[in-house]
Each structure stands twice: as C-alpha cells, then as structure tokens.
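In what follows, a structure is listed as structure tokens, so that the remarks can point back to it.
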Amino acid sequence: MNIRLIAFDLDGTLLDDQKKIPEDNIAALRAAASEGILIVPASGRIYPFMPEPVRTVLSARYFITTNGGSVYDAVNDEILYSAQIPLDQAIHVLDHMDSLDVLYDCYADDKRYTCASFAERADDYFTGPLMNYMLHTYILRTMQRTDDLRGFIIERGGPLQKMQMYFSDPDERLRQLQILPRLFPDLAISTSLPNNIEINSAEATKGQALSALCDRLRIDRSEVIVFGDGLNDLDMLQFAGLPVAMGNADPLIKEHSAFITCSNNDAGIAKALRHFKII
C-alpha cells in the first residue's frame, strides 16, 4: 500500500475527549512524516484556533480549515484554496437563524465573531460535562464579541468563511438539518458537535479541499488515507482511497469507511496506521 498523504479530523478523531493528542498518535504521525508522508489536519476550526501541538509537533505543512473553506500552506504562509459565503447569502442565513431559538457565530479573516450576549446564555446550549468543558476551555476563549453581529457583518462588507449555530433543543436541530439544505441548496450544511449546525460555501467541504490539495501536489486519491468521525468528514472519507472511521464515529461515517479503528480516546489513528503497516 503506497500512502503518500494522511488527512484527519481533529475533534473526535485526532484529539481525545479532553482535547489532547494521545502520545501514541503523535509518535505515529511523526513516524509517518519522517518517511515522507504528508500529514494534513482537516478541521472546522480556523488555523490560529487549532491546538498548538497540532500546528507545531505533528510535522504538518498543509492544513484544511473551516470545513474545507481553505487550504493553508503554513511554510509559505499562503492560502492554496478558498471558498467563502458571499455576503448576500450570509444575510439570508442570518434572517433564518434570527427566527430560531439558537446561538450563532461566524468566521471571517481567520477570526471568530459572535454577539456579546452569547456567553450569558451559552451554558443552556452546551449541556453535559464534555460539551460544557469544550465551551469554557475553547469556544468562549476564541470568540470576539460585538453588540450587533448583523451590523458588523454588513459594515465589514466581505464574504464569510463559515457560519455556525448551536441548539438547546436536539429535535429542532434535527429538523433544521432537513430544512436548511432546501432553503439554501447552494450552501454546504454539516455538523461536527451534538448541538451544532455548520454552514459553508457549497465548495467548502473537506473533500473538495483535499481533492484540490491532492491535485496541486499530484497525489492520487488511492494514495490517501483519511480518518474521521463526524458528518462534516463524510465527503473527505469518500474521496480517500482508504477511508477509516473512528470507533466513536457517527453510524453513517462507519457505513462509508473501509475500516473502523479504535476510538479517539484510544489513539485510533496510530492503531490503524500500524494495522495497515503504513508505519
């Protein structure tokens, strides 16, 4: 098996539930990089908000960010691929989100913006120990707050990298996952957390971004192994010659994978790389 590129999601895949990289994953990915295999983190996060070890200790040069909204070359500080939501579409999405009982934020210029009132209500939307831990250790710390998010977006005037909403009612979230693709057929609708829905340009998916990167580097899809757990990883797994689902993955992700490895808490990436003798 000739693998030249390893791509992987972060939350629920590379990272354990405490948002740390298991040491076995670090050792395995560095071993692969030492053999000339490219290491490509693929996340809904923007590059500055990826955990510092992801950016510095995995020997990665290329990063897929904002669910495929961009491909970033960290060595040359260059965006290799970009797909954003035009302003007029973003306003229509805001109109819809304002009609729902949700919290929301948006990404622009590699920054994350939300309403100032987000933090006051957030605990009701991030229930359970794991989700509340993520809220207070990562989400709130990465947000820039404005009194009028809509006004800020309009005054800024440019496209958005990603929009995201959070639900307190899981049934309403499932209903919106059905409604949003019909309301906005030219946007990509996905989810990565039990309480969220993420909205991107239709060209901003992890699979399309990975395909663009492979075309640029002249890597065939048969030479790519991908790891994922959430629905926003689906088309990236479908692109890969060797798609691997985490043990904790969504059932649909498992259905579209050639192999199911251990969970994110058990260094499933490292175990699969050894299983396939990639390292």
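In the structure tokens, the first chain shown is A, the next is B, and so on; residue numbers restart at 1 for each chain, and ligands run from 1 in the order shown.
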
Residues flagged helix (DSSP H, G or I) by DSSP in stretch 37-124 of chain A, as a list in words: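 Here is the list: Tyr47, Pro48, Phe49, Glu52, Pro53, Val54, Arg55, Thr56, Thr66, Asn67, Gly68, Leu87, Asp88, Gln89, Ala90, Ile91, His92, Val93, Leu94, Asp95, His96, Met97, Phe118, Ala119, Glu120, Arg121, Ala122, Asp123 and Asp124 of chain A.
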
For C-alpha atoms, I'd like the residues from the last selection saved as a tab-separated table (two decimals), in the first residue's frame.
```
chain	number	residue	atom	x	y	z
A	47	TYR	CA	-5.77	27.76	11.58
A	48	PRO	CA	-4.98	30.07	14.55
A	49	PHE	CA	-7.52	28.20	16.71
A	52	GLU	CA	-0.75	24.48	19.33
A	53	PRO	CA	0.56	20.86	19.20
A	54	VAL	CA	-1.44	20.27	16.00
A	55	ARG	CA	0.33	23.24	14.42
A	56	THR	CA	3.81	22.53	15.75
A	66	THR	CA	-13.23	25.84	8.23
A	67	ASN	CA	-14.62	22.53	6.92
A	68	GLY	CA	-12.75	22.95	3.65
A	87	LEU	CA	-22.35	38.50	1.83
A	88	ASP	CA	-25.85	38.42	0.33
A	89	GLN	CA	-26.19	34.71	1.11
A	90	ALA	CA	-24.86	35.28	4.62
A	91	ILE	CA	-27.58	37.88	5.26
A	92	HIS	CA	-30.28	35.41	4.18
A	93	VAL	CA	-28.83	32.81	6.57
A	94	LEU	CA	-28.82	35.39	9.38
A	95	ASP	CA	-32.51	36.12	8.68
A	96	HIS	CA	-33.31	32.45	9.16
A	97	MET	CA	-31.15	32.00	12.25
A	118	PHE	CA	-23.62	34.64	23.64
A	119	ALA	CA	-21.69	33.95	26.84
A	120	GLU	CA	-24.65	34.92	29.03
A	121	ARG	CA	-26.83	32.16	27.52
A	122	ALA	CA	-24.28	29.59	26.39
A	123	ASP	CA	-24.48	27.19	29.35
A	124	ASP	CA	-28.08	26.37	28.40
```

Who sits within 10 Å of A:Val224, only C-alpha atoms, same chain under 4 positions skipped, as a PyMOL selection string: chain A and resi 2-7+37-38+210+214+219-220+237+239-243

Next, write the just-selected residues to a file, as a PDB file, in the first residue's frame, keeping C-alpha atoms as the atom set.
```pdb
ATOM      1  CA  ASN A   2       1.560   3.262  -1.175  1.00  0.00           C
ATOM      2  CA  ILE A   3       0.197   6.005   1.096  1.00  0.00           C
ATOM      3  CA  ARG A   4       1.538   9.499   0.437  1.00  0.00           C
ATOM      4  CA  LEU A   5      -0.907  11.605   2.467  1.00  0.00           C
ATOM      5  CA  ILE A   6      -2.712  11.156   5.806  1.00  0.00           C
ATOM      6  CA  ALA A   7      -5.657  13.514   6.459  1.00  0.00           C
ATOM      7  CA  ILE A  37       4.175  11.015   4.073  1.00  0.00           C
ATOM      8  CA  LEU A  38       2.291  14.318   4.224  1.00  0.00           C
ATOM      9  CA  LEU A 210      -8.500  17.694  -0.013  1.00  0.00           C
ATOM     10  CA  CYS A 214      -4.016  16.473  -3.974  1.00  0.00           C
ATOM     11  CA  ILE A 219      -1.203  12.821  -5.351  1.00  0.00           C
ATOM     12  CA  ASP A 220      -3.739  10.248  -6.490  1.00  0.00           C
ATOM     13  CA  LEU A 237     -13.720   9.899   3.528  1.00  0.00           C
ATOM     14  CA  PHE A 239     -12.577  10.906  -1.610  1.00  0.00           C
ATOM     15  CA  ALA A 240      -9.902   8.789   0.063  1.00  0.00           C
ATOM     16  CA  GLY A 241      -8.556   5.543  -1.279  1.00  0.00           C
ATOM     17  CA  LEU A 242      -8.565   4.266   2.301  1.00  0.00           C
ATOM     18  CA  PRO A 243     -11.347   5.779   4.458  1.00  0.00           C
TER      19      PRO A 243
END
```

Polymer residues at most 10 Å from A:Thr127, only C-alpha atoms, same-chain spacing of 6 or more positions, as a ChimeraX atom specification: /A:133,135,168,195

Export of prior selection with C-alpha atoms as a PDB file, in the first residue's frame:
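Saved to result.pdb:
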```pdb
ATOM      1  CA  TYR A 133     -15.913  21.731  29.163  1.00  0.00           C
ATOM      2  CA  LEU A 135     -17.490  25.673  25.804  1.00  0.00           C
ATOM      3  CA  SER A 168     -30.658  23.657  23.097  1.00  0.00           C
ATOM      4  CA  ASN A 195     -25.589  20.608  19.376  1.00  0.00           C
TER       5      ASN A 195
END
```

Stretch 44-217 of chain A: residues DSSP assigns to strand (DSSP E or B), reported as a PyMOL selection string: chain A and resi 62-65+70-73+78-82+85+102-108+111-115+143-146+160+162-167+187-190+196-201

The selected residues should be written to file as a compact mmCIF listing (two decimals), in the first residue's frame (atoms: N, CA and C atoms).
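Saved to part.txt:
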```txt
# COMPACT_ATOMS: atom_id res chain seq x y z
N TYR A 62 0.49 21.45 5.49
CA TYR A 62 -0.78 21.85 4.90
C TYR A 62 -1.91 21.60 5.88
N PHE A 63 -2.87 22.55 5.95
CA PHE A 63 -3.99 22.47 6.88
C PHE A 63 -5.28 22.79 6.15
N ILE A 64 -6.25 21.90 6.25
CA ILE A 64 -7.59 22.17 5.75
C ILE A 64 -8.38 22.78 6.89
N THR A 65 -8.93 23.98 6.68
CA THR A 65 -9.59 24.72 7.76
C THR A 65 -11.04 25.02 7.38
N SER A 70 -10.78 26.62 3.31
CA SER A 70 -9.46 27.00 2.80
C SER A 70 -8.46 25.88 3.03
N VAL A 71 -7.42 25.90 2.23
CA VAL A 71 -6.24 25.06 2.44
C VAL A 71 -5.07 26.00 2.65
N TYR A 72 -4.41 25.87 3.79
CA TYR A 72 -3.35 26.79 4.17
C TYR A 72 -2.00 26.10 4.15
N ASP A 73 -1.03 26.72 3.49
CA ASP A 73 0.36 26.27 3.48
C ASP A 73 1.10 27.06 4.55
N GLU A 78 0.57 30.80 2.86
CA GLU A 78 -0.16 31.01 1.62
C GLU A 78 -1.46 30.20 1.64
N ILE A 79 -2.54 30.83 1.18
CA ILE A 79 -3.81 30.14 1.01
C ILE A 79 -3.81 29.49 -0.37
N LEU A 80 -3.94 28.17 -0.41
CA LEU A 80 -3.90 27.45 -1.67
C LEU A 80 -5.29 27.21 -2.26
N TYR A 81 -6.31 27.29 -1.42
CA TYR A 81 -7.68 27.04 -1.87
C TYR A 81 -8.60 27.83 -0.95
N SER A 82 -9.63 28.46 -1.52
CA SER A 82 -10.54 29.25 -0.70
C SER A 82 -11.94 29.19 -1.28
N ILE A 85 -18.64 32.20 1.89
CA ILE A 85 -20.06 32.50 1.71
C ILE A 85 -20.20 33.97 1.30
N VAL A 102 -31.64 29.83 18.79
CA VAL A 102 -30.28 29.34 18.67
C VAL A 102 -29.30 30.44 19.06
N LEU A 103 -28.08 30.02 19.37
CA LEU A 103 -26.94 30.92 19.42
C LEU A 103 -26.15 30.73 18.14
N TYR A 104 -25.49 31.79 17.66
CA TYR A 104 -24.71 31.59 16.43
C TYR A 104 -23.47 32.48 16.44
N ASP A 105 -22.53 32.07 15.58
CA ASP A 105 -21.31 32.84 15.37
C ASP A 105 -20.91 32.75 13.91
N CYS A 106 -19.88 33.48 13.54
CA CYS A 106 -19.39 33.43 12.17
C CYS A 106 -17.87 33.62 12.16
N TYR A 107 -17.26 33.17 11.07
CA TYR A 107 -15.82 33.27 10.90
C TYR A 107 -15.52 34.18 9.70
N ALA A 108 -14.58 35.09 9.90
CA ALA A 108 -14.15 35.99 8.83
C ALA A 108 -12.71 36.42 9.09
N LYS A 111 -10.87 34.99 12.05
CA LYS A 111 -11.33 35.37 13.38
C LYS A 111 -12.76 34.86 13.55
N ARG A 112 -13.16 34.69 14.81
CA ARG A 112 -14.48 34.17 15.12
C ARG A 112 -15.27 35.23 15.88
N TYR A 113 -16.47 35.56 15.37
CA TYR A 113 -17.26 36.65 15.93
C TYR A 113 -18.62 36.14 16.41
N THR A 114 -19.13 36.73 17.48
CA THR A 114 -20.45 36.41 17.98
C THR A 114 -21.04 37.63 18.68
N CYS A 115 -22.30 37.52 19.08
CA CYS A 115 -22.95 38.58 19.84
C CYS A 115 -22.42 38.59 21.27
N MET A 143 -13.63 33.56 20.79
CA MET A 143 -14.63 34.45 20.19
C MET A 143 -14.31 35.92 20.44
N GLN A 144 -14.51 36.71 19.39
CA GLN A 144 -14.52 38.16 19.54
C GLN A 144 -15.98 38.59 19.55
N ARG A 145 -16.36 39.44 20.50
CA ARG A 145 -17.77 39.76 20.72
C ARG A 145 -18.10 41.17 20.25
N THR A 146 -19.29 41.29 19.68
CA THR A 146 -19.79 42.57 19.23
C THR A 146 -21.24 42.71 19.66
N LEU A 160 -17.97 35.52 4.21
CA LEU A 160 -17.66 34.85 5.47
C LEU A 160 -17.07 33.47 5.20
N LYS A 162 -17.30 30.88 7.43
CA LYS A 162 -18.23 29.87 7.95
C LYS A 162 -19.22 30.54 8.88
N MET A 163 -20.43 29.96 8.95
CA MET A 163 -21.44 30.37 9.92
C MET A 163 -21.83 29.13 10.71
N GLN A 164 -22.23 29.32 11.97
CA GLN A 164 -22.47 28.19 12.83
C GLN A 164 -23.56 28.53 13.84
N MET A 165 -24.45 27.57 14.10
CA MET A 165 -25.46 27.78 15.13
C MET A 165 -25.51 26.62 16.10
N TYR A 166 -25.96 26.93 17.32
CA TYR A 166 -25.99 25.95 18.41
C TYR A 166 -27.41 25.88 18.97
N PHE A 167 -27.87 24.64 19.25
CA PHE A 167 -29.24 24.39 19.66
C PHE A 167 -29.30 23.87 21.09
N LEU A 187 -25.52 26.09 -0.49
CA LEU A 187 -24.59 26.11 0.63
C LEU A 187 -24.40 24.69 1.16
N ALA A 188 -23.27 24.46 1.83
CA ALA A 188 -22.97 23.15 2.41
C ALA A 188 -23.40 23.16 3.88
N ILE A 189 -24.25 22.22 4.25
CA ILE A 189 -24.76 22.11 5.61
C ILE A 189 -24.16 20.86 6.25
N SER A 190 -23.54 21.02 7.41
CA SER A 190 -22.91 19.87 8.06
C SER A 190 -23.00 20.05 9.57
N ASN A 196 -24.66 21.37 17.21
CA ASN A 196 -24.40 22.44 16.25
C ASN A 196 -24.83 22.07 14.83
N ILE A 197 -24.93 23.12 14.00
CA ILE A 197 -25.01 23.00 12.55
C ILE A 197 -24.04 24.02 11.98
N GLU A 198 -23.25 23.59 11.00
CA GLU A 198 -22.25 24.45 10.38
C GLU A 198 -22.64 24.72 8.92
N ILE A 199 -22.43 25.94 8.48
CA ILE A 199 -22.84 26.36 7.14
C ILE A 199 -21.64 26.95 6.42
N ASN A 200 -21.38 26.42 5.24
CA ASN A 200 -20.24 26.85 4.42
C ASN A 200 -20.68 27.07 2.98
N SER A 201 -19.80 27.66 2.22
CA SER A 201 -19.98 27.67 0.77
C SER A 201 -20.11 26.24 0.27
```

Atomic distance atom CA of A:Ala245 - atom CA of A:Asp171, expressed in Å with one decimal: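 Atom CA of A:Asp171 lies 25.6 Å from atom CA of A:Ala245.
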
Distance query A:Ser257 at most 12 Å, only C-alpha atoms, self and fewer than 4 positions along chain excluded, as JSON, numbers by chain: {"A": [225, 226, 227, 228, 229, 233, 234, 235, 236, 237, 238, 239, 240, 241, 242, 243, 244, 245, 246, 247, 249, 250, 251, 252, 253, 261]}
